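Trainee: Got a structure for you, written out below as structure tokens; questions coming shortly.
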Amino acid sequence: MKNIIFIAPPAAGKGTISDYLVENYNYVHLSTGDLLRTEVSLGTLLGKEIDELITKGKLVSDDLIISLVNNELTKLNGRLFILDGFPRTLGQAHKLDQMLASLGVTNNVVIYLDIDVEEASKRALGRVICPNCKRSYHLYNEGFKPLNDNLCDDCNTVLEKRSDDTEVTFKNRFLSYLTNTGPVIDYYKKQNRLVKISINDKSITDVIKEVIKVASEYSTSSKEAEFRLKSGGSND
Ligand code: AP5
């Protein structure tokens, strides 16, 4: 299996897919959103500044997020990882290439999960999360509801809404995605390093199957194009 770098609009389902891969394939899940929310929950001055940005749907600075990710990557000691929510800007993408090269990590695939804004918005607005174990649920989508109203299935903690899952903030987050992360998609595309999976009308089981197929079979060799044809993934 390869390390996975997920690029996707907000609330596409990266965390949900990652949970499955952590449980079944021993991946380490590095979510920059979770790292930042942990800092917020500590109530530090930095946490308060981060909270203000997240609640408005704005990105935190490249310097801060790069140092957080660098710190996590250096602790991995060869374990497989998923990067969820990073890189989100071109500066972060360049820095990630440098960090991975300096750690000698080459076994990676960039997966772009493509989803319509309407569907992503529905996913954000119905989401509730467990503040303890970070699992996310959906109040209305079948298959994603908690078993007991408002309690985490895994640890029984009371579920919460995220401060950025409002209509106004979702619009800002999506706009930021188009402006800042659009160029990141182009960056990987130009280098033939992007595998796109369209997820709008697919069940979570099918999406996970496709992600696993890509992560287990993707090759950067000349067989890359052939692989994409066979797997249904594409780089456009
Ligand atoms: P972050 O936490 O990374 O937010 P995001 O990218 O907007 O992604 P989400 O966590 O919202 O969604 P997800 O894709 O994991 O979806 P999930 O699986 O939960 O970042 C938050 C903020 O932190 C940013 O806005 C920014 O301020 C800051 N930040 C983070 N990284 C940064 C960076 N690199 N640089 C600068 N700032 C940064 O699923 C969503 C919902 O849909 C759930 O309810 C789930 O149950 C449901 N669902 C999942 N899959 C399906 C399906 N197939 N069908 C139906 N429902 C589904």
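Every chain in the structure tokens takes a letter, A first, then B, and so on in the order presented; its residues are numbered from 1, and the ligands are numbered from 1 following the presented order.
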Extract, using only C-alpha atoms, all DNA, RNA and protein residues at most 6 Å from region 202-218 of chain A, discarding same-chain residues fewer than 2 positions from it, and format them as JSON, numbers by chain.
Mentor: {"A": [1, 2, 199, 200]}
Trainee: Those same residues, written as a PDB file, in the first residue's frame with N, CA and C atoms?
Mentor:
```
ATOM      1  N   MET A   1       0.846  -1.202   0.000  1.00  0.00           N
ATOM      2  CA  MET A   1       0.000   0.000   0.000  1.00  0.00           C
ATOM      3  C   MET A   1       0.884   1.257   0.000  1.00  0.00           C
ATOM      4  N   LYS A   2       0.309   2.331  -0.530  1.00  0.00           N
ATOM      5  CA  LYS A   2       1.044   3.612  -0.589  1.00  0.00           C
ATOM      6  C   LYS A   2       0.547   4.560   0.506  1.00  0.00           C
ATOM      7  N   ILE A 199     -16.771  11.030  -6.590  1.00  0.00           N
ATOM      8  CA  ILE A 199     -17.442  10.315  -5.506  1.00  0.00           C
ATOM      9  C   ILE A 199     -18.909  10.703  -5.318  1.00  0.00           C
ATOM     10  N   ASN A 200     -19.361  11.670  -6.084  1.00  0.00           N
ATOM     11  CA  ASN A 200     -20.728  12.184  -5.924  1.00  0.00           C
ATOM     12  C   ASN A 200     -21.808  11.132  -5.757  1.00  0.00           C
TER      13      ASN A 200
END
```
Trainee: Neighbours of Arg127 (chain A) within 9 Å (only C-alpha atoms; same-chain residues fewer than 4 positions away dropped), as a list in words?
Mentor: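 Those residues are Ala11, Lys122, Arg123, Ser136, Tyr137, His138, Leu139, Tyr140, Glu160, Lys161, Arg162 and Asp165 of chain A.
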Trainee: Excluding Asp154 (chain A) and any residue of its chain fewer than 3 positions from it, enumerate the residues within 9 Å of it, using only C-alpha atoms, and give them as a list of chain:residue names.
Mentor: A:Cys133, A:Arg135, A:Leu151, A:Thr157
Trainee: Could you tell me which of A:Lys171, A:Arg37, A:His29, A:His94 comes closest to ligand 1 if we count only C-alpha atoms and all ligand atoms?
Mentor: A:Arg37
Trainee: Select from chain A everything DSSP, run on the backbone, classes as strand (DSSP E), then give the selection as a ChimeraX atom specification.
Mentor: /A:3-7,28-31,81-84,108-114,127-129,136-138,194-198
Trainee: Counting only C-alpha atoms and all ligand atoms, which of A:Asn156, A:Thr106, A:Ser176, A:Ser219 gets nearest to ligand 1?
Mentor: A:Ser176
Trainee: Extract the full set of helix (DSSP H, G or I) residues from chain A according to DSSP on the backbone, and format it as a PyMOL selection string.
Mentor: chain A and resi 14-25+32-41+45-56+62-74+90-103+117-125+167-190+204-217+224-231
